[in-house]
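Colleague: Sharing a structure below in structure tokens format, with a few things to ask.
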Amino acid sequence: MLKKCKVWGICLLAFMVILSGCSGSAISSKKTASKGEEETIKIGMILSATGTFAPLTEGIRNGFNLYLEQHDNKLGGKKVEIKFEDDEANPQVALRKYRQLVSSEKVNLLVGPISSAVAYAIRDEVEKDKIILIDANAAGNDLSWSKKSDYIYRLSFSNWQNGSSAADYLAKNIGKSAITIAPDYPAGKEVISAFKAAFEAAGGKVVKEIYPKLGTNDFATYITEAAQTKPDLVYTFMTGSDGIRFVEQYNDFGLKGKIPLAGPMELGDQLIIEATRDNTEGIYSGIIYSPWLENDQNKKFVEAYKKKYSKLPNTFAVSGYDSAQVIDKAIKKAGSVKSADLSKVLKGISFDSPRGPITIDPKTNNPIQNFYVAKNTKKDNQIVPEVIETVEKVTMPETAPAN
Amino acid sequence: MSIFSIQLLTGLAYGMLYFMIAAGLMIILGVMNIVNLAHGTLFLISSYIAFTFISQNVGFWAALLLAMAGTAILGIIIERLLIKRVYGKELEQVLLTFGLTYIIADTAKWIWGTEMHTIAVPALLDSSITMGSMVFPIYRLFVVLVGCGLALLLWYFESRTRIGAIIRAGVDDRDMVSALGINVGLVFTGVFAFGAALAGLSGVLGGPLIGIYTGMDSEILVTSLIVVVIGGLGSWKGSFIGAILIGLIETFGKVWFPSLSMLIVFLLMVVVLIIRPQGLFGREVA
């Protein structure tokens, strides 16, 4: 009996090791043969696979891999080898992983990071090593302003764009007084200050700004506080699990349907809609992407994505897809993978993304792109961010607006 | 109804949730002398199991029972196959259960992905009560009730039943209990399964409150370890009071000192450890 148990134990352990090995290999690098005369480029990916940002990373990688798969695993006609590193959203770890990728692996290009803190931490190194970094998510404004670099190009969006895009519509159509709730960290402050400036410029007034700690698991306090003040709308910037809990609790405490809830792109994204379903109904958001956007590329993208991953793509998947796409186009155009050549063509490069036309603004290295004011609406038993208004060509100002 | 009472109720609801988790951790620690670092992971797995059943249109209550049974079975497997081998070896126990957290959490990531999920509040409880200008979700009141009910049940179980007596005796003198002809191995397995089922219960009930996401396991483990430390070993009363204390401090801390709320919890733990190293209701250890 005991022997049997032992055998079983070993089997189970082996099984578990295999399982965890599988998940390990799923996130480790995809190797391609570098033999033959074909040139190979090495791309280093530095994203956050542990913690709050894990789902964002999954989206970006899925999108990137989809583009690769559709293009024969080649970018700019060259075979691609990806080296993936998890920075744990920690600038210290990121610097170490960065060194590893650049010094030991000798990658040609970098894609990443999720967190702006990481982006700021590796920014000087990138500048020193003269290596192109395609920013697939980090939204910190200063990457376009005081910390702009000839080697860093953002494909996603900036906090300034994200916060300001829907403000005008909200002030003119939903209400003049707003309470803002955002986590107490740089992105939260940047999004809210952009929202506040645009909202007040359009005749609105932010009556109260609330900043809970990042990673708060209960918003009851803040939600009841908002309810008592009775503003025309509540504007919240919440990502990941914070966003999901906020939306659920907004409903639990009876505010859904009473005080309109609005926010930047996150509140209209699949990541939150999929998890909270009907509770997101009626939320207004300024989005850059939805699977229901009408354009040819999006139709094909959504179809291919659904086929490969059997779920709808979110905004982060599009950022990943576009990161691959811009590398592909830039290498083709420059005819080289040298940073100096790539840097020249990346400035001002234009292409069609599933989210619409995109141009990298050479003044800010940030995409000029459409934002869509959307209202989450129930259609055929699912929540769809229905586009009410398109805000064309949202462009970041060249320098930080004076406060 | 004032903001104050809303916060009081919110704090209580979280306190009760922490109690349910910490109770399982404590009974395993108290009876078997094992710090089960995989306890938070059992909590996580239970939420995922319930989530899976609910998305297959199994009702909330059935999913709750299935998830509790599932975690209890997982607990039995872990105890029989792994922990049994390291009784009395503390370092090995810690390494083993710590390793398990990684293996199970990574397996969960592989099966369920890294996206967050939530469990919808069961229809029966999906409403709010309005008191004056304030609204409070009934589900949270329900969690408070379940927590109180569990405390009563555990008290009855411990002080009025034969199994309770065996467990109390086991805490005091394991060798003596086994000398009296009681199958200690079986008791241990039962206790471990029961502890795991409690983690399962809290995992499902916590789903609608805090969601399900990777990394939740370690957050929960830390909080419940603090509850056990503050409350004291081998004491339901301690865990109960400790959990309520933590729930309230977290909630009110957020209002009064928004950026310090987590710090205050740790501070409380430090103070308790200095003044009463055995915990608020723990017995003096010789």
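Chains: A, B, ... in order of the structure tokens. Residues: from 1 per chain. Ligands: from 1, in order shown.
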Do you know which residues are at most 8 Å from segment 179-190 of chain A counting only C-alpha atoms, after dropping those on the same chain fewer than 3 positions away, and could you put them as a PyMOL selection string?

Modeller: chain A and resi 116+139-141+159-160+163+193-194+206-215+222+226+231+233-238

Colleague: Check segment 149-237 of chain A with DSSP on the backbone and list each residue it calls strand (DSSP E or B), as number ranges by chain.

Modeller: A: 152-154, 177-181, 205-210, 233-236

Colleague: If you keep N, CA and C atoms, can you produce a file of those selected residues as a compact mmCIF listing (two decimals), in the first residue's frame?

Modeller:
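The resulting out_1.txt:
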```txt
# COMPACT_ATOMS: atom_id res chain seq x y z
N ILE A 152 13.36 55.70 -28.44
CA ILE A 152 12.13 55.14 -27.87
C ILE A 152 10.91 55.65 -28.64
N TYR A 153 10.13 54.72 -29.15
CA TYR A 153 8.93 55.08 -29.90
C TYR A 153 7.72 54.37 -29.30
N ARG A 154 6.71 55.16 -28.95
CA ARG A 154 5.54 54.57 -28.30
C ARG A 154 4.49 54.17 -29.33
N SER A 177 -20.36 68.68 -13.38
CA SER A 177 -19.54 68.46 -12.17
C SER A 177 -19.12 67.00 -12.09
N ALA A 178 -17.85 66.81 -11.76
CA ALA A 178 -17.33 65.44 -11.72
C ALA A 178 -16.48 65.21 -10.49
N ILE A 179 -16.53 63.95 -10.01
CA ILE A 179 -15.59 63.51 -8.99
C ILE A 179 -14.63 62.55 -9.68
N THR A 180 -13.34 62.67 -9.41
CA THR A 180 -12.42 61.72 -10.01
C THR A 180 -11.88 60.77 -8.95
N ILE A 181 -11.72 59.50 -9.33
CA ILE A 181 -11.13 58.50 -8.44
C ILE A 181 -10.05 57.78 -9.24
N LYS A 205 -16.44 71.09 -14.16
CA LYS A 205 -15.70 71.40 -12.94
C LYS A 205 -15.46 70.10 -12.17
N VAL A 206 -14.20 69.83 -11.85
CA VAL A 206 -13.90 68.66 -11.02
C VAL A 206 -14.05 69.09 -9.56
N VAL A 207 -15.07 68.56 -8.88
CA VAL A 207 -15.34 69.05 -7.53
C VAL A 207 -14.51 68.34 -6.48
N LYS A 208 -14.03 67.14 -6.79
CA LYS A 208 -13.23 66.43 -5.80
C LYS A 208 -12.35 65.40 -6.48
N GLU A 209 -11.09 65.29 -6.04
CA GLU A 209 -10.21 64.26 -6.58
C GLU A 209 -9.87 63.30 -5.46
N ILE A 210 -10.15 62.01 -5.68
CA ILE A 210 -9.86 61.01 -4.66
C ILE A 210 -8.78 60.08 -5.17
N LEU A 233 -21.22 63.23 -12.70
CA LEU A 233 -20.61 61.99 -13.14
C LEU A 233 -19.39 61.66 -12.29
N VAL A 234 -19.04 60.37 -12.27
CA VAL A 234 -17.82 59.93 -11.61
C VAL A 234 -16.86 59.51 -12.70
N TYR A 235 -15.64 60.07 -12.69
CA TYR A 235 -14.64 59.71 -13.68
C TYR A 235 -13.55 58.92 -12.98
N THR A 236 -13.33 57.69 -13.43
CA THR A 236 -12.34 56.89 -12.74
C THR A 236 -11.34 56.28 -13.68
```

Colleague: Using only C-alpha atoms for the distances, tell me which of A:Ser336, A:Ser165, A:Ser310, A:Thr315 is nearest to Glu392 of chain A.

Modeller: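 For Glu392 of chain A, the nearest of the given residues is A:Ser165.
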
Colleague: Identify, on the basis of only C-alpha atoms, every residue whose closest approach to Leu233 of chain B does not exceed 12 Å; exclude the query and any residue fewer than 6 positions from it along the same chain; express the result as a VMD selection string.

Modeller: chain B and resid 22 to 23 25 to 35 171 to 172 225 to 227 239 to 240 242 276 to 285

Colleague: Residues of chain B no more than 8 Å from chain A, counting only C-alpha atoms: send them over as a ChimeraX atom specification.

Modeller: /B:3,6-7,10,81-82,103-104,106-107,109-110,114-118,127-128,133-137,209-211,213-215,251,254-255,258-259

Colleague: Could you pull the residues within 7 Å of segment 192-205 of chain B, counting only C-alpha atoms, minus those fewer than 6 positions along the same chain, as a compact mmCIF listing (two decimals) with N, CA and C atoms, in the first residue's frame?

Modeller:
```txt
# COMPACT_ATOMS: atom_id res chain seq x y z
N LEU B 17 -14.41 37.41 6.25
CA LEU B 17 -13.74 36.67 5.18
C LEU B 17 -12.36 36.22 5.65
N MET B 20 -12.63 33.30 8.05
CA MET B 20 -12.85 31.99 7.44
C MET B 20 -11.53 31.40 6.92
N ILE B 21 -10.70 32.27 6.34
CA ILE B 21 -9.42 31.77 5.81
C ILE B 21 -8.49 31.41 6.96
N GLY B 24 -9.01 28.10 8.96
CA GLY B 24 -8.45 26.88 8.35
C GLY B 24 -6.96 26.79 8.59
N LEU B 25 -6.29 27.92 8.41
CA LEU B 25 -4.84 27.96 8.61
C LEU B 25 -4.51 27.61 10.06
N ILE B 27 -6.34 25.96 12.36
CA ILE B 27 -6.61 24.61 12.85
C ILE B 27 -5.49 23.67 12.39
N ILE B 28 -5.00 23.87 11.18
CA ILE B 28 -3.91 23.02 10.68
C ILE B 28 -2.64 23.28 11.49
N HIS B 39 -1.94 27.48 1.95
CA HIS B 39 -3.33 27.74 2.29
C HIS B 39 -3.96 28.79 1.38
N LEU B 42 -4.88 27.24 -1.87
CA LEU B 42 -6.13 26.48 -1.84
C LEU B 42 -7.32 27.43 -2.01
N PHE B 43 -7.20 28.59 -1.37
CA PHE B 43 -8.22 29.64 -1.49
C PHE B 43 -8.40 30.02 -2.97
N LEU B 44 -7.27 30.23 -3.63
CA LEU B 44 -7.29 30.63 -5.05
C LEU B 44 -7.92 29.53 -5.91
N SER B 46 -9.94 27.18 -5.10
CA SER B 46 -11.37 27.05 -4.86
C SER B 46 -12.16 28.09 -5.65
N SER B 47 -11.65 29.34 -5.69
CA SER B 47 -12.36 30.37 -6.47
C SER B 47 -12.41 29.97 -7.94
N ALA B 50 -14.95 27.17 -8.50
CA ALA B 50 -16.31 27.70 -8.47
C ALA B 50 -16.59 28.50 -9.74
N LEU B 64 -20.48 26.30 -4.89
CA LEU B 64 -19.84 26.50 -3.59
C LEU B 64 -19.50 25.14 -2.96
N ALA B 67 -16.80 23.32 -4.99
CA ALA B 67 -15.47 23.90 -4.80
C ALA B 67 -14.91 23.52 -3.43
N MET B 68 -15.79 23.52 -2.41
CA MET B 68 -15.32 23.12 -1.07
C MET B 68 -14.88 21.67 -1.09
N ALA B 69 -15.69 20.81 -1.74
CA ALA B 69 -15.33 19.40 -1.83
C ALA B 69 -14.02 19.25 -2.60
N THR B 71 -11.53 21.40 -2.96
CA THR B 71 -10.34 21.81 -2.20
C THR B 71 -10.07 20.82 -1.07
N ALA B 72 -11.13 20.25 -0.48
CA ALA B 72 -10.92 19.26 0.57
C ALA B 72 -10.19 18.05 0.00
N ILE B 73 -10.60 17.61 -1.19
CA ILE B 73 -9.94 16.47 -1.82
C ILE B 73 -8.49 16.80 -2.15
N GLY B 75 -6.73 18.90 -0.58
CA GLY B 75 -6.08 18.90 0.73
C GLY B 75 -5.68 17.49 1.14
N ILE B 76 -6.60 16.55 0.95
CA ILE B 76 -6.32 15.16 1.32
C ILE B 76 -5.14 14.63 0.51
N GLU B 79 -1.96 16.15 1.80
CA GLU B 79 -1.56 15.64 3.11
C GLU B 79 -1.06 14.21 3.01
```

Colleague: Do you have the atom CA of Ile244 of chain B-atom CA of Gly207 of chain B distance handy?

Modeller: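 Taking atom CA of Ile244 of chain B as the start and atom CA of Gly207 of chain B as the end point, the length is 19.1 Å.
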
Colleague: So what do you get for atom CA of Leu268 of chain B versus atom CA of Tyr18 of chain B, distance-wise?

Modeller: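 Those two atoms sit 15.9 Å apart.
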
Colleague: As a count of residues only, please: all residues of segment 51-288 of chain A that backbone DSSP puts in alpha helix (DSSP H).

Modeller: 99

Colleague: Choose the residue, out of B:Asn36, B:Ser2, B:Ser55, B:Ser218, that has the smallest atom-to-atom separation from Ile119 of chain B; count only C-alpha atoms.

Modeller: B:Ser55

Colleague: Find, counting only C-alpha atoms, the residue in B:Gly190, B:Ile212, B:Ser235, B:Leu263 that gets nearest to Trp155 of chain B.

Modeller: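 Answer, going by the shortest atom-to-atom distance: B:Ser235.
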
Colleague: Could you give me, as a compact mmCIF listing (two decimals) with C-alpha atoms, in the first residue's frame, the residues within 12 Å of Lys74 of chain A, counting only C-alpha atoms and dropping anything in the same chain fewer than 6 positions from it?

Modeller:
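Just written: out26.txt:
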```txt
# COMPACT_ATOMS: atom_id res chain seq x y z
CA THR A 32 13.89 29.55 -34.64
CA GLU A 38 18.81 33.88 -43.94
CA GLU A 39 19.50 36.66 -41.52
CA THR A 40 17.94 36.46 -38.08
CA ILE A 41 17.04 39.37 -35.89
CA LYS A 42 16.80 39.01 -32.16
CA ILE A 43 14.04 40.89 -30.42
CA PHE A 64 2.75 40.12 -31.32
CA ASN A 65 2.83 36.37 -31.89
CA LEU A 66 -0.26 36.53 -34.08
CA TYR A 67 1.41 39.05 -36.37
CA LEU A 68 4.52 36.88 -36.53
CA VAL A 80 12.77 36.57 -35.85
CA GLU A 81 14.02 35.14 -32.62
CA ILE A 82 12.33 36.38 -29.47
CA ALA A 324 5.28 43.77 -34.54
CA GLN A 325 3.73 45.59 -37.46
CA ILE A 327 9.02 46.79 -36.66
CA ASP A 328 8.15 44.96 -39.87
CA LYS A 329 7.42 48.17 -41.75
CA ILE A 331 12.93 47.40 -41.24
CA LYS A 332 11.52 47.13 -44.74
```

Colleague: To one decimal place, how far is atom CA of Asp126 of chain B from atom CA of Cys148 of chain B in Å?

Modeller: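 A separation of 20.5 Å between them.
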